[in-house]
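S.K.: Below is the file coords08.tsv, with TSV, C-alpha atoms.
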chain	number	residue	atom	x	y	z
A	1	MET	CA	-7.84	5.72	-12.50
A	2	ARG	CA	-5.79	5.93	-9.32
A	3	ILE	CA	-4.90	2.82	-7.36
A	4	ASP	CA	-4.08	3.39	-3.70
A	5	TYR	CA	-4.30	-0.19	-2.52
A	6	VAL	CA	-4.79	-3.77	-3.54
A	7	ASP	CA	-7.84	-5.26	-1.88
A	8	LEU	CA	-7.14	-8.91	-1.15
A	9	ASP	CA	-9.03	-10.42	1.76
A	10	GLU	CA	-10.55	-13.68	2.91
A	11	GLY	CA	-13.38	-13.18	0.41
A	12	ASN	CA	-11.40	-12.97	-2.82
A	13	THR	CA	-8.03	-14.56	-1.99
A	14	PRO	CA	-9.28	-18.17	-2.39
A	15	HIS	CA	-10.44	-17.71	-5.99
A	16	VAL	CA	-7.53	-15.41	-6.93
A	17	THR	CA	-5.01	-18.03	-5.80
A	18	ARG	CA	-6.96	-21.08	-7.03
A	19	HIS	CA	-4.85	-21.55	-10.15
A	20	GLY	CA	-1.36	-21.46	-8.70
A	21	VAL	CA	-0.70	-17.74	-8.43
A	22	THR	CA	0.17	-16.77	-4.87
A	23	GLU	CA	-0.92	-13.73	-2.91
A	24	PHE	CA	2.68	-12.55	-2.89
A	25	GLU	CA	2.83	-12.76	-6.69
A	26	VAL	CA	-0.32	-10.66	-6.99
A	27	TYR	CA	1.16	-7.97	-4.74
A	28	ALA	CA	4.47	-8.13	-6.59
A	29	ALA	CA	2.69	-7.75	-9.94
A	30	PHE	CA	0.93	-4.56	-8.82
A	31	ASP	CA	4.15	-3.35	-7.25
A	32	THR	CA	5.72	-3.11	-10.72
A	33	LYS	CA	3.12	-0.43	-11.49
A	34	PRO	CA	2.07	-2.03	-14.75
A	35	SER	CA	-0.26	-0.65	-17.41
A	36	VAL	CA	-3.91	-1.32	-16.83
A	37	ARG	CA	-6.09	-2.60	-19.66
A	38	ARG	CA	-9.81	-2.94	-19.96
A	39	ASN	CA	-11.50	-5.77	-21.80
A	40	LYS	CA	-13.50	-4.55	-24.77
A	41	GLY	CA	-17.22	-4.89	-24.17
A	42	ASP	CA	-16.82	-6.03	-20.59
A	43	GLY	CA	-18.58	-3.70	-18.22
A	44	THR	CA	-18.36	-5.79	-15.07
A	45	ALA	CA	-14.82	-6.77	-14.19
A	46	GLY	CA	-12.96	-5.76	-17.25
A	47	TYR	CA	-9.71	-4.44	-15.84
A	48	TYR	CA	-6.50	-6.39	-15.76
A	49	ILE	CA	-2.74	-6.13	-15.51
A	50	VAL	CA	-0.05	-8.36	-16.91
A	51	ALA	CA	3.24	-8.38	-15.03
A	52	ASN	CA	5.94	-10.89	-14.07
A	53	GLY	CA	4.31	-13.44	-16.38
A	54	ILE	CA	0.94	-13.42	-14.68
A	55	ARG	CA	-2.36	-11.83	-15.48
A	56	VAL	CA	-4.50	-10.40	-12.68
A	57	ASN	CA	-8.13	-9.50	-13.44
A	58	PHE	CA	-9.66	-7.02	-11.06
A	59	VAL	CA	-12.60	-4.76	-10.38
A	60	TYR	CA	-11.93	-1.15	-9.60
A	61	ASP	CA	-13.50	0.59	-6.64
A	62	ALA	CA	-13.34	4.24	-7.68
A	63	GLU	CA	-14.51	5.53	-4.32
A	64	GLY	CA	-11.93	3.57	-2.35
A	65	ARG	CA	-9.34	3.81	-5.14
A	66	ALA	CA	-8.83	0.09	-4.75
A	67	ALA	CA	-8.04	-2.71	-7.17
A	68	ARG	CA	-9.88	-5.83	-6.04
A	69	PRO	CA	-8.45	-8.89	-7.75
A	70	ILE	CA	-10.95	-11.47	-9.00
A	71	SER	CA	-8.77	-14.06	-10.71
A	72	ALA	CA	-5.19	-14.61	-11.79
A	73	TRP	CA	-3.27	-17.04	-13.95
A	74	ARG	CA	0.10	-17.56	-15.54
A	75	MET	CA	0.36	-16.36	-19.12
A	76	ARG	CA	1.04	-19.12	-21.63
B	1	MET	CA	-15.42	-14.82	-29.36
B	2	ASN	CA	-17.31	-14.24	-26.11
B	3	THR	CA	-15.38	-12.13	-23.62
B	4	THR	CA	-18.35	-10.59	-21.83
B	5	PRO	CA	-19.37	-12.48	-18.68
B	6	PRO	CA	-23.05	-12.97	-17.81
B	7	GLU	CA	-24.47	-10.39	-15.46
B	8	GLY	CA	-25.08	-11.02	-11.78
B	9	LEU	CA	-22.18	-13.37	-11.11
B	10	SER	CA	-20.62	-13.51	-7.66
B	11	GLU	CA	-16.88	-12.85	-7.40
B	12	ALA	CA	-16.15	-16.57	-7.21
B	13	GLU	CA	-18.38	-17.31	-10.25
B	14	LEU	CA	-16.80	-14.47	-12.18
B	15	ALA	CA	-13.35	-15.84	-11.33
B	16	ASP	CA	-14.39	-19.25	-12.69
B	17	TRP	CA	-15.86	-17.68	-15.82
B	18	GLN	CA	-12.69	-15.68	-16.46
B	19	TYR	CA	-10.47	-18.72	-15.98
B	20	GLU	CA	-12.60	-20.82	-18.34
B	21	HIS	CA	-12.30	-18.05	-20.97
B	22	ARG	CA	-8.64	-17.26	-20.33
B	23	ASP	CA	-7.53	-18.24	-23.82
B	24	GLU	CA	-9.94	-15.78	-25.45
B	25	LEU	CA	-9.16	-13.09	-22.91
B	26	ASP	CA	-5.39	-13.49	-23.34
B	27	ALA	CA	-5.71	-13.57	-27.13
B	28	GLN	CA	-7.65	-10.34	-27.14
B	29	GLY	CA	-4.84	-8.62	-25.21
B	30	GLU	CA	-3.39	-6.05	-27.56
B	31	ASP	CA	-6.83	-4.92	-28.77
B	32	ASP	CA	-7.90	-3.95	-25.27
B	33	GLU	CA	-8.03	-0.34	-24.24
B	34	VAL	CA	-5.11	0.93	-22.16
B	35	VAL	CA	-6.42	2.83	-19.15
B	36	GLU	CA	-4.46	5.74	-17.74
B	37	VAL	CA	-3.44	4.78	-14.21
B	38	GLU	CA	-1.62	6.38	-11.32
B	39	TYR	CA	-0.33	4.26	-8.43
B	40	ALA	CA	0.03	5.42	-4.84
B	41	GLN	CA	3.52	5.44	-3.40
B	42	PRO	CA	3.80	3.10	-1.64
B	43	LEU	CA	0.97	0.93	-2.82
B	44	ALA	CA	-0.92	-0.49	0.16
B	45	THR	CA	-3.02	-3.51	0.91
B	46	THR	CA	-5.19	-4.76	3.74
B	47	ILE	CA	-4.38	-7.91	5.67
B	48	SER	CA	-7.03	-9.19	8.04
B	49	PHE	CA	-6.50	-11.89	10.62
B	50	ARG	CA	-8.28	-13.31	13.63
B	51	LEU	CA	-6.97	-13.13	17.16
B	52	PRO	CA	-8.39	-13.58	20.65
B	53	VAL	CA	-10.39	-10.62	21.94
B	54	SER	CA	-8.01	-10.29	24.89
B	55	GLU	CA	-5.04	-9.85	22.52
B	56	ALA	CA	-6.95	-7.33	20.41
B	57	ALA	CA	-7.75	-5.34	23.55
B	58	ALA	CA	-4.12	-5.45	24.67
B	59	ILE	CA	-2.98	-4.23	21.23
B	60	SER	CA	-5.54	-1.42	21.22
B	61	LYS	CA	-4.40	-0.29	24.66
B	62	ALA	CA	-0.72	-0.44	23.73
B	63	ALA	CA	-1.39	1.61	20.59
B	64	GLN	CA	-3.39	4.15	22.58
B	65	ASP	CA	-0.61	4.43	25.18
B	66	ALA	CA	1.94	4.94	22.39
B	67	GLY	CA	-0.23	7.62	20.80
B	68	ILE	CA	-0.39	5.89	17.44
B	69	SER	CA	-3.11	4.10	15.53
B	70	ARG	CA	-3.67	0.39	16.05
B	71	SER	CA	-2.70	-0.16	12.44
B	72	ASP	CA	0.61	1.68	12.89
B	73	TRP	CA	1.29	-0.20	16.13
B	74	ILE	CA	0.78	-3.59	14.47
B	75	ARG	CA	2.88	-2.54	11.46
B	76	SER	CA	5.67	-1.42	13.79
B	77	ALA	CA	5.63	-4.76	15.59
B	78	CYS	CA	5.69	-6.64	12.27
B	79	LYS	CA	8.49	-4.47	10.87
B	80	ALA	CA	10.54	-4.97	14.04
B	81	ALA	CA	10.10	-8.73	13.63
B	82	LEU	CA	11.31	-8.40	10.04
B	83	GLY	CA	14.34	-6.42	11.20
B	84	GLU	CA	13.12	-3.19	9.61
B	85	ARG	CA	12.76	0.29	11.06
B	86	PRO	CA	9.53	0.81	12.96
B	87	VAL	CA	6.74	2.98	11.65
B	88	VAL	CA	7.15	6.58	12.77
B	89	PRO	CA	3.83	8.42	12.51
B	90	ASP	CA	3.82	11.75	10.65
B	91	ARG	CA	2.67	13.44	13.84
B	92	VAL	CA	5.83	12.32	15.67
B	93	VAL	CA	8.07	13.38	12.76
B	94	LYS	CA	6.42	16.82	12.77
B	95	ASN	CA	6.91	17.15	16.54
B	96	VAL	CA	10.62	16.31	16.25
B	97	GLU	CA	10.99	18.77	13.36
B	98	GLN	CA	9.27	21.44	15.43
B	99	VAL	CA	11.62	20.82	18.38
B	100	ALA	CA	14.63	20.98	16.02
B	101	ASP	CA	13.40	24.33	14.66
B	102	GLU	CA	12.95	25.66	18.19
B	103	VAL	CA	16.46	24.55	19.22
B	104	SER	CA	17.92	26.23	16.10
B	105	ALA	CA	16.02	29.44	16.84
B	106	THR	CA	17.20	29.40	20.47
B	107	TYR	CA	20.82	28.85	19.38
B	108	ALA	CA	20.57	31.78	16.95
B	109	HIS	CA	19.01	33.95	19.65
B	110	LEU	CA	21.75	33.12	22.19
B	111	THR	CA	24.48	33.76	19.62
B	112	GLU	CA	22.93	37.13	18.91
B	113	LEU	CA	22.81	37.85	22.65
B	114	LEU	CA	26.51	37.00	23.04
B	115	ASP	CA	27.28	39.31	20.11
B	116	THR	CA	25.31	42.09	21.79
B	117	MET	CA	27.22	41.50	25.03
B	118	GLY	CA	30.45	41.76	23.10
B	119	VAL	CA	31.71	38.31	24.01
B	120	PRO	CA	34.32	37.44	21.36
B	121	PRO	CA	33.85	34.07	19.60
B	122	GLY	CA	37.11	32.73	21.08
B	123	HIS	CA	35.73	33.15	24.62
B	124	ARG	CA	32.59	31.19	24.00
B	125	ARG	CA	32.43	27.62	25.14
B	126	ALA	CA	32.30	25.26	22.18
B	127	ALA	CA	29.13	23.25	21.81
B	128	LYS	CA	29.48	19.67	22.95
B	129	PRO	CA	29.46	17.27	20.05
B	130	SER	CA	26.31	15.24	19.85
B	131	PRO	CA	26.76	11.64	21.06
Starting from the file, lay out its structure as structure tokens.
M.R.:
Amino acid sequence: MRIDYVDLDEGNTPHVTRHGVTEFEVYAAFDTKPSVRRNKGDGTAGYYIVANGIRVNFVYDAEGRAARPISAWRMR
Amino acid sequence: MNTTPPEGLSEAELADWQYEHRDELDAQGEDDEVVEVEYAQPLATTISFRLPVSEAAAISKAAQDAGISRSDWIRSACKAALGERPVVPDRVVKNVEQVADEVSATYAHLTELLDTMGVPPGHRRAAKPSP
């Protein structure tokens, strides 16, 4: 997997930031170049990163080499 | 433990499903497969915003006149507002490098010419220091 850009737009930003994680925090999390994990058994949106105390779940667009965040929350 | 979302969910529905199951998803953590990843340097993102058509046209024209893409023009304006160096397109950097190479080659050629003419180094006018 290669990630060239983080795809946050007017379509996904509202639900990514719904639980108190800001756009800036999502960018900052990816900027730390964290490990990417894939949920076992999840074939739809199973990728995620954990960085700076937040978890960002995303789908991967292989053609565009983009990580498109779906949701994010603070780790407890 | 159910950590597989139903099929056919929209992004917003999937986001809700993931948040509702966050405890299971977080708990699963260490068991999940680590995916090999490479990040672009620098990592980019897309920011979209609305503006009046007249302003968009003015920006497009200004970018065209400057010989850079609209994206680079807007980034330059934003970086200037942030007090950072403007975006210099690769094409411009390459042009400047090409000119620098040509100046170096000309200097070498003229030095060689002066050598051929037998002008001793002490009789050559020193190059003016760059400002």
S.K.: Identify every residue of chain A that has at least one atom within 9 Å of any atom of chain B, counting only C-alpha atoms, and report the result as a PyMOL selection string.
M.R.: chain A and resi 1-12+14-16+19+27+30-31+33-47+55+57+66+70-73+75-76
S.K.: For CA of Ile59 in chain B and CA of Val99 in chain B, quote the distance in Å rounded to one decimal.
M.R.: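 Those two atoms sit 29.1 Å apart.
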S.K.: Rounded to one decimal, what separation in Å do you get between CA of Arg50 in chain B and CA of Thr17 in chain A?
M.R.: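 Computing the Euclidean distance for CA of Arg50 in chain B and CA of Thr17 in chain A yields 20.3 Å.
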S.K.: Quick one: everything within 9 Å of Ser69 in chain B, counting only C-alpha atoms, minus sequence neighbours fewer than 4 positions away in the same chain. Send it as number ranges by chain.
M.R.: B: 60, 63-64, 73-74, 89
S.K.: What's the separation between CA of Gly53 in chain A and CA of Ala28 in chain A, in Å to one decimal place?
M.R.: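 Result for CA of Gly53 in chain A versus CA of Ala28 in chain A: 11.1 Å, one decimal.
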